[in-house]
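K.L.:
Here it is, the structure in full.
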Amino acid sequence: MLDLKFVRDNLDIVKQALKNRGSELSLDEFQQRESERRRLLTEVEGLRAERNQLSKEVGLKKKAGQHAEAQPLMDRVGVINAAIKGLEGQAVEHDAWVRDFLLNLPNLPHSSVPVGASADDNPVVKTWGEAPKFAFEPKAHWEIGENLGILDFERAAKITGARFALLKGPGALLERALINFMLDLHTRKQGYLEVLPPFMTNRASMQGTGQLPKFREDLFKLEGWDYFLVPTAEVPVTNIHREEILKEEDLPLLYTAYTPCFRSEAGSYGKDVRGLIRQHQFNKVELVKFTTPETSYDHLESLLNDAAEVLQELGLHYRVVVLCTGDMGFSAAKTYDIEVWLPGQNLYREISSCSNFEDYQARRAEIRFRRAGAKGTELVHTLNGSGLAVGRTLVAILENYQQEDGRVVVPEKLRGYMGGMEKI
């Protein structure tokens, strides 16, 4: 959430940021509501001052035995009390509207973010490795997996419905191996603390990271409970420190977590209908950081490197793009996407998004820190990235390591997690 005073005092900056994002959100009603809210509060303050003065005069007159002279003043106090009550009620309505507006206002893009309208405007800033060359026509992962008997979409649809998958045998083992490999890399080498959070969260947690109120339709809510299935571990992990004041010397805090993720994929019908790319349920290993404001962009670069190291260890060719203003997520100030090469589909596909939210989430979730010797507190900066989307990593392995005979070579780094298995 953006700071109210900042928005009020920098309307032109916010309007330009919304335009760069391609947002049609207007600030006109906000200006009117905020102006009226402040006018009402000023009027209330004036009436309270008058009431306080009159109350003093009433007290003096009563003390002097001038009860008749005190009565008109008491009557005026009664009128003022009624007026204050009415004005406060109006102010509360405007205040609620303004807060709801701010909750639906996206973050401001960082000055280094390129202006653009869509993913077509995302510049490539790095590539790693080379795409594999095949002496045969490479197949897509769904064909590879079904031929090997490790992916079953038909039975998954029978169990639940469309956009679910059933992994079997070495397929299920490969998914589990990837999760363990990623967590071991992030904790043992990169210094993250592993946590295993709840897989459902309350409304306050969803609001704290920006999923609510704007993206309600993308969430799965439990019937009869005000709980939601997590769309990403970013939500429960970031909310570990909701409404807390951290110590500067404890920052940065680095967490990693595995969770299943649940998304309705609202608005995506007809896209990626085959395979594992766009599922209602999928696994992900997440990286979350809490930092001081002055260090957060250095940490964004290291976060990107930590996520990319997974692909390097697995020998998977990828590129990094920086998202333009029109393609960036609602809460982010800057985002890098890591896109892995999928030869069976002849395209790059996002496998991780690494974002700096600056103080946008921290303001919503009330996560602050105190510098040594300081009386006041400041908002932390929060960052997160996928380290990686596990299902998409499995997809990349199937397509990049496929053999002409239909089998798939297991990357060396995963063989110890798969009982020494070299091929599926």
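Note on naming: chains are A, B, ... as they come in the structure tokens, residues start from 1 per chain, ligands start from 1 in the order shown.
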Just want the 6 Å neighbourhood of range 323-336 of chain A, counted on only C-alpha atoms, with same-chain residues fewer than 3 positions away dropped. Output as a list in words.
P.N.:
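In the requested format, the answer is Asn20, Arg21, Gly22, Pro106, Asn107, Leu108, Pro109, His110, Val113, Pro114, Val115, Gly116, Ala117, Ser118, Ala119, Asn122, Ser353, Cys354, Ser355, Asn356 and Phe357 of chain A.
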K.L.:
Write the residues you've just listed into a file as a CSV table (one decimal), in the first residue's frame, and include C-alpha atoms for each of them.
P.N.:
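Output (part20.csv):
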chain,number,residue,atom,x,y,z
A,20,ASN,CA,2.9,3.7,-17.4
A,21,ARG,CA,1.3,0.6,-15.9
A,22,GLY,CA,-1.6,0.8,-18.3
A,106,PRO,CA,-0.7,-0.6,-7.4
A,107,ASN,CA,2.8,0.0,-6.3
A,108,LEU,CA,5.0,2.6,-8.1
A,109,PRO,CA,7.5,1.2,-10.5
A,110,HIS,CA,11.2,1.8,-9.6
A,113,VAL,CA,11.9,-0.2,-14.7
A,114,PRO,CA,11.4,0.2,-18.5
A,115,VAL,CA,8.2,1.7,-19.7
A,116,GLY,CA,6.2,-0.7,-21.8
A,117,ALA,CA,2.7,-2.1,-22.5
A,118,SER,CA,3.2,-5.9,-22.4
A,119,ALA,CA,5.6,-8.8,-22.2
A,122,ASN,CA,10.4,-6.8,-21.6
A,353,SER,CA,9.7,-14.1,-10.7
A,354,CYS,CA,12.0,-12.2,-8.4
A,355,SER,CA,10.5,-9.0,-7.0
A,356,ASN,CA,11.3,-6.1,-4.7
A,357,PHE,CA,8.1,-4.7,-3.2
K.L.:
Among the residues of range 252-419 of chain A, find those DSSP assigns to strand (DSSP E or B) from the backbone and print them as a short mmCIF file (atom, residue, chain, number, x, y, z; two decimals) with C-alpha atoms, in the first residue's frame.
P.N.:
data_model
loop_
_atom_site.label_atom_id
_atom_site.label_comp_id
_atom_site.auth_asym_id
_atom_site.auth_seq_id
_atom_site.Cartn_x
_atom_site.Cartn_y
_atom_site.Cartn_z
CA LEU A 253 16.04 -12.11 7.32
CA LEU A 254 16.13 -14.84 4.66
CA TYR A 255 13.49 -17.55 4.50
CA THR A 256 12.79 -20.42 2.13
CA ALA A 257 9.68 -22.58 2.13
CA TYR A 258 8.07 -25.35 0.16
CA THR A 259 4.30 -25.25 -0.24
CA PRO A 260 1.72 -26.51 -2.66
CA CYS A 261 0.09 -23.52 -4.35
CA PHE A 262 -3.57 -23.15 -5.33
CA GLN A 281 -2.48 -26.94 -7.84
CA PHE A 282 1.30 -26.97 -8.14
CA ASN A 283 4.40 -27.10 -5.96
CA LYS A 284 6.83 -24.26 -5.44
CA VAL A 285 9.89 -23.46 -3.36
CA GLU A 286 9.84 -19.78 -2.39
CA LEU A 287 12.52 -17.34 -1.26
CA VAL A 288 11.52 -14.37 0.95
CA LYS A 289 13.69 -11.53 2.28
CA PHE A 290 13.17 -8.75 4.82
CA THR A 291 15.76 -5.98 4.43
CA TYR A 318 17.61 -19.81 -19.42
CA ARG A 319 17.34 -16.09 -19.92
CA VAL A 320 16.47 -13.22 -17.56
CA VAL A 321 14.10 -10.40 -18.49
CA VAL A 322 13.19 -7.30 -16.52
CA LYS A 334 10.70 -4.07 -9.84
CA THR A 335 10.64 -7.66 -11.10
CA TYR A 336 12.99 -9.97 -12.94
CA ASP A 337 11.58 -13.07 -14.61
CA ILE A 338 13.76 -16.11 -15.22
CA GLU A 339 12.58 -17.91 -18.35
CA VAL A 340 13.74 -21.46 -19.02
CA TRP A 341 14.07 -22.87 -22.54
CA LEU A 342 11.56 -25.60 -23.46
CA LEU A 347 9.79 -21.26 -26.47
CA TYR A 348 11.01 -19.71 -23.23
CA ARG A 349 8.69 -20.05 -20.24
CA GLU A 350 8.71 -18.15 -16.94
CA ILE A 351 9.98 -20.37 -14.13
CA SER A 352 10.67 -17.72 -11.47
CA SER A 353 9.72 -14.13 -10.71
CA CYS A 354 12.00 -12.19 -8.35
CA SER A 355 10.52 -8.96 -7.02
CA ASN A 356 11.29 -6.08 -4.71
CA ARG A 368 8.67 -2.31 10.84
CA PHE A 369 12.22 -2.22 12.21
CA ARG A 370 14.12 -0.02 14.64
CA GLU A 378 10.76 2.42 9.81
CA LEU A 379 9.07 0.09 7.37
CA HIS A 381 11.46 -3.72 2.49
CA THR A 382 10.18 -7.15 1.44
CA LEU A 383 11.33 -9.25 -1.50
CA ASN A 384 10.41 -12.66 -2.82
CA GLY A 385 11.21 -15.02 -5.64
CA SER A 386 10.42 -18.54 -6.75
CA GLY A 387 13.35 -20.77 -6.20
CA LEU A 388 11.74 -22.42 -8.40
CA ALA A 389 8.28 -23.42 -9.60
CA GLN A 402 14.69 -36.32 -23.47
CA VAL A 408 14.75 -39.00 -20.04
CA VAL A 409 18.20 -38.58 -18.51
#
K.L.:
Can you list every residue in range 195-243 of chain A that DSSP puts in helix (DSSP H, G or I), as an mmCIF file with C-alpha atoms, in the first residue's frame?
P.N.:
data_model
loop_
_atom_site.group_PDB
_atom_site.id
_atom_site.type_symbol
_atom_site.label_atom_id
_atom_site.label_comp_id
_atom_site.auth_asym_id
_atom_site.auth_seq_id
_atom_site.Cartn_x
_atom_site.Cartn_y
_atom_site.Cartn_z
ATOM 1 C CA ARG A 203 -7.866 -12.629 5.328
ATOM 2 C CA ALA A 204 -5.390 -10.325 7.071
ATOM 3 C CA SER A 205 -2.478 -12.310 5.646
ATOM 4 C CA MET A 206 -3.877 -12.148 2.121
ATOM 5 C CA GLN A 207 -4.397 -8.415 2.480
ATOM 6 C CA GLY A 208 -0.898 -7.955 3.885
ATOM 7 C CA THR A 209 0.825 -9.250 0.745
ATOM 8 C CA ARG A 216 -10.162 -12.294 -4.765
ATOM 9 C CA GLU A 217 -11.273 -14.181 -7.878
ATOM 10 C CA ASP A 218 -7.850 -15.818 -8.192
ATOM 11 C CA GLU A 234 5.090 -15.643 -0.242
ATOM 12 C CA VAL A 235 1.827 -15.056 1.630
ATOM 13 C CA PRO A 236 2.348 -17.100 4.830
ATOM 14 C CA VAL A 237 6.106 -16.473 4.976
ATOM 15 C CA THR A 238 5.876 -12.689 4.591
ATOM 16 C CA ASN A 239 3.165 -12.643 7.249
ATOM 17 C CA ILE A 240 5.428 -14.375 9.760
ATOM 18 C CA HIS A 241 6.398 -10.869 10.876
#
K.L.:
Fewer than 5 positions away in the same chain doesn't count, so skip those; otherwise give me all residues within 12 Å of Glu93 in chain A, counting only C-alpha atoms, as a PDB file with C-alpha atoms, in the first residue's frame.
P.N.:
ATOM      1  CA  ARG A  33     -12.894  12.170  -0.939  1.00  0.00           C
ATOM      2  CA  GLU A  34      -9.548  12.933   0.671  1.00  0.00           C
ATOM      3  CA  GLU A  36     -13.610  16.258   2.083  1.00  0.00           C
ATOM      4  CA  ARG A  37     -12.240  13.895   4.728  1.00  0.00           C
ATOM      5  CA  LEU A  40     -14.456  17.246   8.058  1.00  0.00           C
ATOM      6  CA  GLY A  86     -22.490  13.589  12.622  1.00  0.00           C
ATOM      7  CA  LEU A  87     -19.259  14.917  11.143  1.00  0.00           C
ATOM      8  CA  GLU A  88     -17.227  12.006  12.532  1.00  0.00           C
ATOM      9  CA  VAL A  98      -9.858   6.236   0.927  1.00  0.00           C
ATOM     10  CA  ARG A  99      -8.284   3.210   2.636  1.00  0.00           C
ATOM     11  CA  ASP A 100     -10.044   0.811   0.257  1.00  0.00           C
TER      12      ASP A 100
END
K.L.:
As an exercise, work out the distance from CA of Ala162 in chain A to CA of His280 in chain A in Å and give it to one decimal place.
P.N.:
8.4 Å
K.L.:
When you count only C-alpha atoms, which of these residues is closest to Glu249 in chain A: A:Ala372, A:Glu24, A:Ala96, A:Asn147?
P.N.:
A:Ala372
K.L.:
Which residues, written as a ChimeraX atom specification, have at least one atom at most 7 Å from Arg371 in chain A, with only C-alpha atoms counted and residues fewer than 2 positions away on the same chain left out?
P.N.:
/A:247-248,369,373-374
K.L.:
Using only C-alpha atoms, find the one residue out of A:Arg263, A:Arg274, A:His299, A:Lys168 that sits nearest to Ile424 in chain A.
P.N.:
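Smallest separation from Ile424 in chain A among the options: A:Lys168.
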K.L.:
Do you know which residues are at most 12 Å from Glu45 in chain A counting only C-alpha atoms, after dropping those on the same chain fewer than 4 positions away, and could you put them as a ChimeraX atom specification?
P.N.:
/A:38-41,49-52,80-81,83-84,87-88
K.L.:
Write to file, as a short mmCIF file (atom, residue, chain, number, x, y, z; two decimals), in the first residue's frame, the residues of the selection just made, with C-alpha atoms.
P.N.:
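File produced: result17.cif:
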data_model
loop_
_atom_site.label_atom_id
_atom_site.label_comp_id
_atom_site.auth_asym_id
_atom_site.auth_seq_id
_atom_site.Cartn_x
_atom_site.Cartn_y
_atom_site.Cartn_z
CA ARG A 38 -9.62 16.42 5.76
CA ARG A 39 -12.18 19.25 5.77
CA LEU A 40 -14.46 17.25 8.06
CA LEU A 41 -11.60 16.42 10.43
CA ALA A 49 -11.67 23.16 20.74
CA GLU A 50 -14.83 25.23 21.11
CA ARG A 51 -16.43 22.54 23.27
CA ASN A 52 -13.38 22.37 25.52
CA ILE A 80 -21.63 20.75 19.36
CA ASN A 81 -21.60 17.10 20.54
CA ALA A 83 -22.54 18.06 15.28
CA ILE A 84 -19.26 16.28 16.07
CA LEU A 87 -19.26 14.92 11.14
CA GLU A 88 -17.23 12.01 12.53
#
K.L.:
Which residues come within 9 Å of Lys413 in chain A, counting only C-alpha atoms, excluding same-chain residues fewer than 4 positions away, as a VMD selection string?
P.N.:
chain A and resid 181 313 to 314 417
K.L.:
Env of Pro170 in chain A: 10 Å cut, atoms = only C-alpha atoms, seq-sep filter 2 positions within chain, self excluded. Answer as a list in words.
P.N.:
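My list of contacting residues is Leu148, Gly149, Ile150, Leu151, Leu167, Lys168, Ala172, Leu173, Leu174, Glu175, Arg176, Ala177, Met418, Met421, Lys423 and Ile424 of chain A.
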K.L.:
Using 9 Å as the limit and counting only C-alpha atoms, can you tabulate each residue of range 117-195 of chain A that touches range 391-398 of chain A, with its shortest atom-to-atom distance in Å and the two atoms involved, as a Markdown table?
P.N.:
| residue | atom | partner | partner_atom | distance |
| --- | --- | --- | --- | --- |
| A:Ala140 | CA | A:Leu398 | CA | 8.3 |
| A:His141 | CA | A:Leu398 | CA | 5.7 |
| A:Trp142 | CA | A:Val395 | CA | 8.4 |
| A:Ile144 | CA | A:Leu398 | CA | 7.0 |
| A:Gly145 | CA | A:Leu398 | CA | 7.6 |
| A:Gly171 | CA | A:Leu394 | CA | 8.5 |
| A:Leu174 | CA | A:Leu394 | CA | 7.3 |
| A:Glu175 | CA | A:Leu394 | CA | 6.6 |
| A:Leu178 | CA | A:Leu394 | CA | 7.8 |
K.L.:
Can I get the selection written as a short mmCIF file (atom, residue, chain, number, x, y, z; two decimals), in the first residue's frame, with C-alpha atoms?
P.N.:
data_model
loop_
_atom_site.label_atom_id
_atom_site.label_comp_id
_atom_site.auth_asym_id
_atom_site.auth_seq_id
_atom_site.Cartn_x
_atom_site.Cartn_y
_atom_site.Cartn_z
CA ALA A 140 6.48 -31.68 -25.48
CA HIS A 141 6.54 -32.80 -21.85
CA TRP A 142 2.97 -34.06 -21.79
CA ILE A 144 6.98 -37.60 -22.98
CA GLY A 145 5.35 -38.06 -19.56
CA GLY A 171 7.56 -38.74 -12.05
CA LEU A 174 11.43 -36.50 -9.59
CA GLU A 175 9.03 -33.87 -8.22
CA LEU A 178 13.46 -31.30 -7.01
#
